[in-house]
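final.cif follows (mmCIF, C-alpha atoms):
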data_run
loop_
_atom_site.label_atom_id
_atom_site.label_comp_id
_atom_site.auth_asym_id
_atom_site.auth_seq_id
_atom_site.Cartn_x
_atom_site.Cartn_y
_atom_site.Cartn_z
CA PRO A 1 37.60 -14.85 -9.07
CA ALA A 2 34.67 -13.99 -11.36
CA LEU A 3 32.59 -12.67 -8.46
CA THR A 4 35.58 -10.70 -7.14
CA ALA A 5 36.07 -9.19 -10.60
CA ALA A 6 32.40 -8.32 -11.10
CA THR A 7 31.92 -6.74 -7.66
CA GLY A 8 35.25 -4.93 -7.91
CA MET A 9 34.35 -3.43 -11.27
CA ASP A 10 30.94 -2.52 -9.86
CA ALA A 11 32.74 -0.54 -7.15
CA LEU A 12 34.86 1.15 -9.81
CA THR A 13 31.70 2.09 -11.71
CA HIS A 14 30.26 3.62 -8.53
CA ALA A 15 33.40 5.69 -8.06
CA VAL A 16 33.71 6.83 -11.68
CA GLU A 17 30.05 7.72 -12.11
CA ALA A 18 30.01 9.62 -8.81
CA PHE A 19 33.21 11.47 -9.77
CA VAL A 20 31.72 12.81 -13.03
CA SER A 21 28.18 13.25 -11.69
CA THR A 22 26.50 16.63 -12.14
CA ILE A 23 26.07 16.84 -8.35
CA ALA A 24 29.58 15.73 -7.34
CA ASN A 25 31.14 17.80 -4.57
CA PRO A 26 34.49 17.89 -2.74
CA MET A 27 33.39 15.23 -0.24
CA THR A 28 32.16 12.77 -2.89
CA ASP A 29 35.24 13.47 -5.01
CA ALA A 30 37.53 12.65 -2.09
CA CYS A 31 35.78 9.30 -1.56
CA ALA A 32 35.72 8.49 -5.28
CA VAL A 33 39.39 9.33 -5.77
CA GLU A 34 40.54 7.14 -2.90
CA ALA A 35 38.27 4.31 -4.06
CA MET A 36 39.76 4.44 -7.58
CA LYS A 37 43.31 4.41 -6.20
CA LEU A 38 42.54 1.38 -4.04
CA ILE A 39 40.81 -0.49 -6.88
CA PHE A 40 43.67 0.00 -9.30
CA THR A 41 46.10 -1.08 -6.59
CA HIS A 42 44.24 -4.15 -5.35
CA LEU A 43 41.62 -5.56 -7.76
CA ARG A 44 43.96 -7.47 -10.06
CA LYS A 45 45.69 -9.01 -7.04
CA ALA A 46 42.39 -9.97 -5.39
CA VAL A 47 41.18 -11.65 -8.59
CA ALA A 48 44.51 -13.44 -9.11
CA ASN A 49 44.69 -14.75 -5.54
CA GLY A 50 41.63 -14.72 -3.33
CA GLN A 51 43.81 -15.55 -0.32
CA ASP A 52 45.63 -12.21 -0.59
CA LEU A 53 44.06 -10.57 2.44
CA THR A 54 45.78 -7.23 1.88
CA ALA A 55 44.14 -7.02 -1.54
CA ARG A 56 40.82 -8.15 -0.10
CA GLU A 57 40.97 -5.53 2.64
CA GLY A 58 41.91 -2.86 0.10
CA MET A 59 38.88 -3.77 -1.99
CA CYS A 60 36.63 -3.67 1.09
CA PHE A 61 37.72 -0.11 1.80
CA ALA A 62 37.37 0.76 -1.91
CA GLN A 63 33.79 -0.47 -2.21
CA TYR A 64 32.82 1.31 1.02
CA LEU A 65 34.30 4.63 -0.14
CA ALA A 66 32.75 4.25 -3.59
CA GLY A 67 29.43 3.60 -1.86
CA MET A 68 29.73 6.81 0.13
CA ALA A 69 30.55 8.67 -3.09
CA PHE A 70 27.59 7.46 -5.11
CA ASN A 71 25.10 7.60 -2.25
CA ASN A 72 25.74 11.34 -2.16
CA ALA A 73 26.53 12.15 -5.81
CA SER A 74 24.34 9.50 -7.49
CA LEU A 75 25.32 7.71 -10.70
CA GLY A 76 24.75 7.91 -14.47
CA TYR A 77 23.91 6.09 -17.66
CA VAL A 78 26.11 3.07 -16.93
CA HIS A 79 23.74 2.09 -14.15
CA SER A 80 20.53 3.14 -15.89
CA MET A 81 21.50 0.94 -18.85
CA ALA A 82 22.88 -1.95 -16.77
CA HIS A 83 19.64 -2.15 -14.80
CA GLN A 84 17.82 -3.02 -18.04
CA LEU A 85 20.24 -5.82 -18.91
CA GLY A 86 19.79 -7.30 -15.46
CA GLY A 87 16.02 -7.01 -15.65
CA PHE A 88 15.62 -8.38 -19.17
CA TYR A 89 18.16 -11.17 -19.08
CA ASN A 90 19.08 -11.75 -15.43
CA LEU A 91 22.70 -10.92 -16.23
CA PRO A 92 25.07 -10.07 -13.33
CA HIS A 93 24.89 -6.40 -12.40
CA GLY A 94 28.63 -5.95 -11.83
CA GLU A 95 29.56 -7.43 -15.20
CA CYS A 96 26.91 -5.36 -16.99
CA ASN A 97 28.32 -2.22 -15.37
CA ALA A 98 31.91 -3.17 -16.15
CA LEU A 99 31.09 -3.88 -19.78
CA LEU A 100 29.19 -0.62 -20.29
CA LEU A 101 31.58 1.60 -18.31
CA PRO A 102 34.19 2.38 -21.01
CA PHE A 103 31.52 2.93 -23.69
CA VAL A 104 29.36 5.28 -21.61
CA GLU A 105 32.39 7.20 -20.34
CA LYS A 106 33.68 7.60 -23.89
CA PHE A 107 30.34 9.25 -24.64
CA ASN A 108 30.61 11.38 -21.47
CA LEU A 109 34.21 12.47 -21.96
CA ILE A 110 33.55 15.79 -23.71
CA ALA A 111 31.44 16.95 -20.74
CA LYS A 112 34.16 16.39 -18.12
CA VAL A 113 37.53 16.40 -19.88
CA GLU A 114 39.42 17.75 -16.86
CA LYS A 115 37.98 15.13 -14.53
CA PHE A 116 38.79 12.31 -16.94
CA ALA A 117 42.35 13.64 -17.21
CA GLU A 118 42.55 13.62 -13.41
CA MET A 119 41.17 10.08 -13.37
CA ALA A 120 43.88 8.88 -15.74
CA ALA A 121 46.58 9.97 -13.31
CA ILE A 122 44.67 8.41 -10.38
CA MET A 123 44.57 5.15 -12.36
CA GLY A 124 48.34 5.16 -12.80
CA GLU A 125 48.64 6.50 -16.33
CA ASN A 126 51.49 8.87 -17.18
CA THR A 127 49.79 12.12 -18.12
CA ALA A 128 52.83 14.40 -17.81
CA GLY A 129 52.95 16.98 -20.57
CA LEU A 130 49.74 15.79 -22.22
CA ALA A 131 46.91 18.02 -23.34
CA PRO A 132 43.80 17.49 -21.18
CA ARG A 133 41.92 15.63 -23.94
CA ASP A 134 44.83 13.26 -24.57
CA ALA A 135 45.20 12.61 -20.84
CA ALA A 136 41.45 12.05 -20.55
CA GLU A 137 41.57 9.33 -23.22
CA LEU A 138 44.08 7.44 -21.06
CA ALA A 139 41.42 7.01 -18.36
CA LEU A 140 39.29 5.08 -20.85
CA LYS A 141 42.30 2.99 -21.80
CA ALA A 142 43.03 2.21 -18.13
CA ILE A 143 39.42 1.13 -17.50
CA ARG A 144 39.39 -1.13 -20.56
CA GLN A 145 42.71 -2.72 -19.57
CA LEU A 146 41.56 -3.40 -16.02
CA SER A 147 38.35 -4.99 -17.34
CA THR A 148 40.34 -7.20 -19.70
CA ASP A 149 42.83 -8.20 -17.02
CA VAL A 150 40.11 -9.38 -14.63
CA GLY A 151 38.17 -11.26 -17.31
CA ILE A 152 35.18 -9.03 -18.05
CA PRO A 153 33.58 -9.79 -21.45
CA ALA A 154 34.23 -7.14 -24.10
CA ASN A 155 30.66 -6.74 -25.36
CA LEU A 156 27.06 -7.90 -24.93
CA VAL A 157 27.48 -10.81 -27.34
CA GLU A 158 30.34 -12.22 -25.26
CA LEU A 159 28.49 -11.58 -21.99
CA GLY A 160 25.39 -13.35 -23.28
CA ARG A 161 27.41 -16.36 -24.40
CA ARG A 162 29.03 -16.64 -20.98
CA TYR A 163 25.60 -17.11 -19.38
CA GLY A 164 23.84 -18.95 -22.20
CA LYS A 165 21.65 -15.96 -23.11
CA GLU A 166 21.23 -13.84 -26.21
CA VAL A 167 20.93 -10.08 -25.89
CA LYS A 168 18.51 -9.36 -28.70
CA ALA A 169 18.67 -6.29 -30.92
CA ALA A 170 14.85 -6.30 -30.90
CA ASP A 171 14.91 -5.54 -27.15
CA ILE A 172 17.14 -2.46 -27.47
CA PRO A 173 14.33 0.07 -28.09
CA THR A 174 12.47 -1.05 -24.94
CA MET A 175 15.66 -1.16 -22.86
CA THR A 176 16.54 2.31 -24.17
CA ALA A 177 13.13 3.70 -23.22
CA ASN A 178 13.43 2.18 -19.75
CA ALA A 179 16.98 3.47 -19.30
CA GLN A 180 15.74 6.97 -20.12
CA LYS A 181 13.28 6.71 -17.23
CA ASP A 182 15.84 5.32 -14.75
CA ILE A 183 16.65 7.77 -11.95
CA CYS A 184 20.42 7.23 -12.33
CA ARG A 185 20.53 8.97 -15.69
CA PHE A 186 19.51 12.34 -14.28
CA THR A 187 22.98 13.02 -12.86
CA ASN A 188 24.89 11.80 -15.92
CA PRO A 189 27.23 14.60 -17.09
CA ARG A 190 26.09 14.47 -20.72
CA CYS A 191 22.52 14.40 -21.99
CA ALA A 192 21.80 11.40 -24.22
CA THR A 193 19.14 10.95 -26.87
CA ASP A 194 17.41 7.62 -27.40
CA LYS A 195 19.70 7.07 -30.38
CA ASP A 196 22.78 7.69 -28.22
CA VAL A 197 21.67 5.09 -25.68
CA ALA A 198 20.74 2.56 -28.36
CA ASP A 199 24.09 3.09 -30.09
CA ILE A 200 25.96 2.42 -26.84
CA TYR A 201 24.00 -0.84 -26.36
#
What does this structure look like when you write it as C-alpha coordinates?
Amino acid sequence: PALTAATGMDALTHAVEAFVSTIANPMTDACAVEAMKLIFTHLRKAVANGQDLTAREGMCFAQYLAGMAFNNASLGYVHSMAHQLGGFYNLPHGECNALLLPFVEKFNLIAKVEKFAEMAAIMGENTAGLAPRDAAELALKAIRQLSTDVGIPANLVELGRRYGKEVKAADIPTMTANAQKDICRFTNPRCATDKDVADIY
(Lines of atoms letter the chains of each structure in order from A and count residues from 1; the text may use other names and numbers.)
(Lines give C-alpha, C1' and ligand atoms only; values in the text may rest on other atoms or scores of the structure.)
Protein backbone atom coordinates (compact mmCIF):
# COMPACT_ATOMS: atom_id res chain seq x y z
CA PRO A 1 0.00 0.00 0.00
CA ALA A 2 2.76 2.50 0.85
CA LEU A 3 4.48 1.97 -2.50
CA THR A 4 1.14 2.25 -4.32
CA ALA A 5 0.44 5.51 -2.49
CA ALA A 6 3.89 6.98 -3.14
CA THR A 7 3.97 6.11 -6.85
CA GLY A 8 0.36 7.20 -7.31
CA MET A 9 1.04 10.58 -5.73
CA ASP A 10 4.18 10.85 -7.86
CA ALA A 11 1.97 10.42 -10.93
CA LEU A 12 -0.38 13.10 -9.61
CA THR A 13 2.58 15.45 -9.15
CA HIS A 14 3.63 14.82 -12.75
CA ALA A 15 0.13 15.68 -13.95
CA VAL A 16 -0.31 18.79 -11.79
CA GLU A 17 3.12 20.24 -12.51
CA ALA A 18 2.72 19.63 -16.25
CA PHE A 19 -0.76 21.22 -16.18
CA VAL A 20 0.52 24.49 -14.67
CA SER A 21 3.88 24.47 -16.48
CA THR A 22 4.88 27.57 -18.43
CA ILE A 23 5.18 25.41 -21.57
CA ALA A 24 1.93 23.45 -21.19
CA ASN A 25 -0.07 23.08 -24.40
CA PRO A 26 -3.41 21.55 -25.41
CA MET A 27 -1.88 18.09 -25.88
CA THR A 28 -0.14 18.03 -22.48
CA ASP A 29 -3.24 19.48 -20.83
CA ALA A 30 -5.40 16.70 -22.28
CA CYS A 31 -3.04 14.05 -20.89
CA ALA A 32 -2.75 15.76 -17.51
CA VAL A 33 -6.50 16.22 -17.13
CA GLU A 34 -7.27 12.58 -17.87
CA ALA A 35 -4.47 11.45 -15.55
CA MET A 36 -5.87 13.56 -12.68
CA LYS A 37 -9.38 12.19 -13.24
CA LEU A 38 -8.09 8.62 -13.17
CA ILE A 39 -5.97 9.19 -10.06
CA PHE A 40 -8.81 10.71 -8.08
CA THR A 41 -11.05 7.84 -9.19
CA HIS A 42 -8.66 4.97 -8.53
CA LEU A 43 -5.76 5.75 -6.16
CA ARG A 44 -7.64 5.41 -2.87
CA LYS A 45 -9.11 2.10 -4.04
CA ALA A 46 -5.72 0.78 -5.19
CA VAL A 47 -4.14 1.66 -1.83
CA ALA A 48 -7.05 0.17 0.12
CA ASN A 49 -7.05 -3.10 -1.82
CA GLY A 50 -4.11 -4.05 -3.99
CA GLN A 51 -6.16 -6.87 -5.52
CA ASP A 52 -8.58 -4.39 -7.10
CA LEU A 53 -7.42 -4.82 -10.68
CA THR A 54 -9.75 -2.15 -12.06
CA ALA A 55 -8.10 0.39 -9.75
CA ARG A 56 -4.66 -0.93 -10.64
CA GLU A 57 -5.37 -0.66 -14.35
CA GLY A 58 -6.75 2.85 -13.89
CA MET A 59 -3.56 3.87 -12.12
CA CYS A 60 -1.44 2.32 -14.89
CA PHE A 61 -3.21 4.46 -17.47
CA ALA A 62 -2.95 7.50 -15.17
CA GLN A 63 0.80 7.24 -14.68
CA TYR A 64 1.34 6.70 -18.41
CA LEU A 65 -0.72 9.77 -19.34
CA ALA A 66 0.94 11.87 -16.64
CA GLY A 67 4.29 10.73 -18.04
CA MET A 68 3.33 11.90 -21.52
CA ALA A 69 2.24 15.24 -20.04
CA PHE A 70 5.42 15.98 -18.13
CA ASN A 71 7.78 14.63 -20.79
CA ASN A 72 6.42 17.36 -23.07
CA ALA A 73 5.58 20.16 -20.61
CA SER A 74 8.27 19.48 -17.98
CA LEU A 75 7.73 19.99 -14.25
CA GLY A 76 8.33 22.59 -11.52
CA TYR A 77 9.58 23.31 -8.04
CA VAL A 78 7.99 20.23 -6.45
CA HIS A 79 10.45 18.06 -8.35
CA SER A 80 13.43 20.39 -8.08
CA MET A 81 12.97 20.43 -4.29
CA ALA A 82 12.13 16.73 -3.95
CA HIS A 83 15.30 15.78 -5.81
CA GLN A 84 17.32 17.39 -3.01
CA LEU A 85 15.52 15.46 -0.28
CA GLY A 86 16.16 12.22 -2.13
CA GLY A 87 19.81 13.08 -2.68
CA PHE A 88 20.55 14.29 0.84
CA TYR A 89 18.59 11.75 2.84
CA ASN A 90 17.72 8.89 0.48
CA LEU A 91 14.02 9.54 1.10
CA PRO A 92 11.47 8.04 -1.35
CA HIS A 93 10.91 10.29 -4.35
CA GLY A 94 7.15 9.78 -4.55
CA GLU A 95 6.59 10.63 -0.89
CA CYS A 96 8.84 13.70 -1.13
CA ASN A 97 6.81 14.90 -4.12
CA ALA A 98 3.49 14.17 -2.43
CA LEU A 99 4.51 16.02 0.71
CA LEU A 100 5.76 19.10 -1.15
CA LEU A 101 2.94 19.23 -3.72
CA PRO A 102 0.29 21.17 -1.74
CA PHE A 103 2.86 23.63 -0.36
CA VAL A 104 4.48 24.42 -3.71
CA GLU A 105 1.12 24.68 -5.46
CA LYS A 106 -0.15 27.04 -2.76
CA PHE A 107 2.83 29.23 -3.66
CA ASN A 108 2.08 28.85 -7.39
CA LEU A 109 -1.65 29.49 -7.17
CA ILE A 110 -1.61 33.23 -7.94
CA ALA A 111 0.17 32.54 -11.25
CA LYS A 112 -2.44 30.10 -12.57
CA VAL A 113 -5.72 30.74 -10.74
CA GLU A 114 -7.90 29.63 -13.65
CA LYS A 115 -6.03 26.36 -14.06
CA PHE A 116 -6.23 25.60 -10.35
CA ALA A 117 -9.98 26.30 -10.46
CA GLU A 118 -10.25 23.87 -13.38
CA MET A 119 -8.22 21.32 -11.43
CA ALA A 120 -10.59 21.52 -8.47
CA ALA A 121 -13.50 20.46 -10.66
CA ILE A 122 -11.40 17.69 -12.25
CA MET A 123 -10.63 16.44 -8.73
CA GLY A 124 -14.31 16.21 -7.86
CA GLU A 125 -14.78 19.42 -5.90
CA ASN A 126 -18.02 21.38 -6.29
CA THR A 127 -16.95 24.69 -7.79
CA ALA A 128 -20.39 25.83 -9.01
CA GLY A 129 -20.94 29.52 -8.42
CA LEU A 130 -17.52 30.08 -6.85
CA ALA A 131 -15.15 32.88 -7.74
CA PRO A 132 -12.05 31.54 -9.52
CA ARG A 133 -9.78 32.11 -6.51
CA ASP A 134 -12.17 30.29 -4.15
CA ALA A 135 -12.48 27.41 -6.61
CA ALA A 136 -8.70 27.30 -7.01
CA GLU A 137 -8.24 26.88 -3.25
CA LEU A 138 -10.38 23.73 -3.43
CA ALA A 139 -7.76 22.07 -5.63
CA LEU A 140 -5.23 22.44 -2.81
CA LYS A 141 -7.76 21.02 -0.37
CA ALA A 142 -8.41 18.02 -2.64
CA ILE A 143 -4.67 17.30 -2.98
CA ARG A 144 -4.14 17.49 0.78
CA GLN A 145 -7.11 15.19 1.45
CA LEU A 146 -5.93 12.60 -1.06
CA SER A 147 -2.45 12.64 0.50
CA THR A 148 -3.92 12.17 3.97
CA ASP A 149 -6.23 9.38 2.84
CA VAL A 150 -3.39 7.34 1.32
CA GLY A 151 -1.06 7.85 4.29
CA ILE A 152 1.46 10.42 3.09
CA PRO A 153 3.26 12.20 5.98
CA ALA A 154 2.16 15.80 6.50
CA ASN A 155 5.61 17.38 6.74
CA LEU A 156 9.36 16.72 6.62
CA VAL A 157 9.57 15.94 10.34
CA GLU A 158 6.98 13.16 9.98
CA LEU A 159 8.60 11.86 6.79
CA GLY A 160 12.01 11.73 8.45
CA ARG A 161 10.64 9.86 11.44
CA ARG A 162 9.03 7.27 9.17
CA TYR A 163 12.44 6.37 7.74
CA GLY A 164 14.59 6.98 10.82
CA LYS A 165 16.18 10.13 9.39
CA GLU A 166 16.25 13.76 10.45
CA VAL A 167 15.81 16.48 7.85
CA LYS A 168 18.12 19.14 9.27
CA ALA A 169 17.42 22.86 9.14
CA ALA A 170 21.16 23.35 8.60
CA ASP A 171 20.87 21.58 5.22
CA ILE A 172 18.10 23.83 3.89
CA PRO A 173 20.38 26.55 2.43
CA THR A 174 22.35 23.96 0.41
CA MET A 175 19.19 22.14 -0.70
CA THR A 176 17.69 25.50 -1.68
CA ALA A 177 20.75 26.43 -3.75
CA ASN A 178 20.67 23.05 -5.48
CA ALA A 179 16.92 23.27 -6.13
CA GLN A 180 17.48 26.64 -7.79
CA LYS A 181 19.89 24.95 -10.23
CA ASP A 182 17.59 21.99 -10.96
CA ILE A 183 16.25 22.00 -14.52
CA CYS A 184 12.67 21.31 -13.37
CA ARG A 185 12.30 24.74 -11.81
CA PHE A 186 12.62 26.58 -15.11
CA THR A 187 9.05 25.73 -16.15
CA ASN A 188 7.48 26.46 -12.76
CA PRO A 189 4.68 29.02 -13.23
CA ARG A 190 5.90 31.36 -10.49
CA CYS A 191 9.44 32.58 -9.95
CA ALA A 192 10.78 31.79 -6.48
CA THR A 193 13.53 33.46 -4.51
CA ASP A 194 15.88 31.48 -2.30
CA LYS A 195 13.81 32.62 0.67
CA ASP A 196 10.62 31.32 -0.96
CA VAL A 197 12.16 27.88 -1.50
CA ALA A 198 13.62 27.75 2.00
CA ASP A 199 10.27 28.79 3.50
CA ILE A 200 8.49 25.98 1.64
CA TYR A 201 11.03 23.45 2.99
Using only C-alpha atoms, collect all residues at a distance of at most 12 Å from (35.9, -4.2, -2.2) as written in the file, then present them as number ranges by chain. A: 3-12, 14-15, 35-36, 38-47, 53-67
Neighbours of range 183-199 of chain A within 10 Å (all atoms listed in the file; same-chain residues fewer than 3 positions away dropped), as a count of residues only? 36
What's around Asp134 in chain A at 10 Å? Count all atoms listed in the file, leave out sequence neighbours fewer than 6 positions away in its own chain, and write the answer as a PyMOL selection string. chain A and resi 113+116-117+120+127
Please tell me which residues are no farther than 12 Å from (16.8, -12.0, -25.7) in the file, counting only C-alpha atoms, and write them as a count of residues only. 24
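Using the PyMOL selection byres ((chain A and resi 144) around 9) on this structure selects A:Ala98, A:Leu99, A:Leu101, A:Pro102, A:Ala139, A:Leu140, A:Lys141, A:Ala142, A:Ile143, A:Gln145, A:Leu146, A:Ser147, A:Thr148, A:Asp149, A:Ala154.
CA of Ala69 in chain A to CA of Ile122 in chain A spans 15.9 Å [interatomic distance, one decimal].
Put simply, CA of Phe70 in chain A is 23.4 Å away from CA of Ala2 in chain A.
Between CA of Ile152 in chain A and CA of Cys96 in chain A the separation is 9.1 Å.
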For Lys37 in chain A, which residue out of A:Glu125, A:Val150, A:Leu130, A:Ile200 is the nearest one, using all atoms listed in the file? A:Glu125
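Using all atoms listed in the file, the smallest distance between any of A:Pro26, A:Pro132, A:Pro1, A:Gly124 and Gly151 in chain A comes from A:Pro1.
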Can you take the partial range 106-129 of chain A, add N, CA, C and O atoms, and return it as a short mmCIF file (atom, residue, chain, number, x, y, z; two decimals), in the coordinates of the input?
data_model
loop_
_atom_site.label_atom_id
_atom_site.label_comp_id
_atom_site.auth_asym_id
_atom_site.auth_seq_id
_atom_site.Cartn_x
_atom_site.Cartn_y
_atom_site.Cartn_z
N LYS A 106 33.21 7.02 -22.62
CA LYS A 106 33.68 7.60 -23.89
C LYS A 106 32.68 8.63 -24.39
O LYS A 106 33.06 9.71 -24.86
N PHE A 107 31.40 8.31 -24.26
CA PHE A 107 30.34 9.25 -24.64
C PHE A 107 30.37 10.49 -23.74
O PHE A 107 30.19 11.62 -24.19
N ASN A 108 30.63 10.28 -22.44
CA ASN A 108 30.61 11.38 -21.47
C ASN A 108 31.83 12.28 -21.52
O ASN A 108 31.81 13.39 -20.98
N LEU A 109 32.90 11.83 -22.12
CA LEU A 109 34.21 12.47 -21.96
C LEU A 109 34.20 13.96 -22.27
O LEU A 109 34.79 14.75 -21.53
N ILE A 110 33.50 14.37 -23.33
CA ILE A 110 33.55 15.79 -23.71
C ILE A 110 32.93 16.71 -22.65
O ILE A 110 33.21 17.90 -22.62
N ALA A 111 32.08 16.13 -21.78
CA ALA A 111 31.44 16.95 -20.74
C ALA A 111 32.33 17.18 -19.53
O ALA A 111 32.12 18.14 -18.78
N LYS A 112 33.34 16.31 -19.34
CA LYS A 112 34.16 16.39 -18.12
C LYS A 112 35.62 16.07 -18.44
O LYS A 112 36.24 15.24 -17.76
N VAL A 113 36.17 16.71 -19.43
CA VAL A 113 37.53 16.40 -19.88
C VAL A 113 38.53 16.49 -18.73
O VAL A 113 39.38 15.60 -18.55
N GLU A 114 38.45 17.55 -17.94
CA GLU A 114 39.42 17.75 -16.86
C GLU A 114 39.34 16.63 -15.83
O GLU A 114 40.36 16.16 -15.32
N LYS A 115 38.13 16.21 -15.52
CA LYS A 115 37.98 15.13 -14.53
C LYS A 115 38.48 13.80 -15.08
O LYS A 115 39.07 13.01 -14.35
N PHE A 116 38.26 13.55 -16.35
CA PHE A 116 38.79 12.31 -16.94
C PHE A 116 40.32 12.35 -16.98
O PHE A 116 40.97 11.32 -16.77
N ALA A 117 40.89 13.51 -17.24
CA ALA A 117 42.35 13.64 -17.21
C ALA A 117 42.88 13.37 -15.80
O ALA A 117 43.90 12.68 -15.62
N GLU A 118 42.18 13.88 -14.80
CA GLU A 118 42.55 13.62 -13.41
C GLU A 118 42.44 12.13 -13.09
O GLU A 118 43.30 11.55 -12.42
N MET A 119 41.36 11.51 -13.59
CA MET A 119 41.17 10.08 -13.37
C MET A 119 42.31 9.26 -13.94
O MET A 119 42.74 8.28 -13.34
N ALA A 120 42.79 9.64 -15.11
CA ALA A 120 43.88 8.88 -15.74
C ALA A 120 45.09 8.82 -14.82
O ALA A 120 45.70 7.76 -14.64
N ALA A 121 45.45 9.95 -14.24
CA ALA A 121 46.58 9.97 -13.31
C ALA A 121 46.29 9.13 -12.07
O ALA A 121 47.17 8.39 -11.59
N ILE A 122 45.07 9.21 -11.54
CA ILE A 122 44.67 8.41 -10.38
C ILE A 122 44.83 6.92 -10.69
O ILE A 122 45.23 6.13 -9.84
N MET A 123 44.54 6.55 -11.94
CA MET A 123 44.57 5.15 -12.36
C MET A 123 45.97 4.67 -12.75
O MET A 123 46.15 3.55 -13.20
N GLY A 124 46.96 5.56 -12.58
CA GLY A 124 48.34 5.16 -12.80
C GLY A 124 48.90 5.45 -14.17
O GLY A 124 50.02 5.05 -14.50
N GLU A 125 48.15 6.16 -14.99
CA GLU A 125 48.64 6.50 -16.33
C GLU A 125 49.57 7.71 -16.25
O GLU A 125 49.39 8.59 -15.41
N ASN A 126 50.55 7.74 -17.13
CA ASN A 126 51.49 8.87 -17.18
C ASN A 126 50.90 9.97 -18.04
O ASN A 126 50.86 9.86 -19.26
N THR A 127 50.44 11.02 -17.40
CA THR A 127 49.79 12.12 -18.12
C THR A 127 50.68 13.35 -18.23
O THR A 127 50.24 14.39 -18.71
N ALA A 128 51.92 13.24 -17.81
CA ALA A 128 52.83 14.40 -17.81
C ALA A 128 52.97 14.97 -19.21
O ALA A 128 53.26 14.26 -20.17
N GLY A 129 52.75 16.28 -19.31
CA GLY A 129 52.95 16.98 -20.57
C GLY A 129 51.85 16.79 -21.59
O GLY A 129 51.93 17.34 -22.70
#
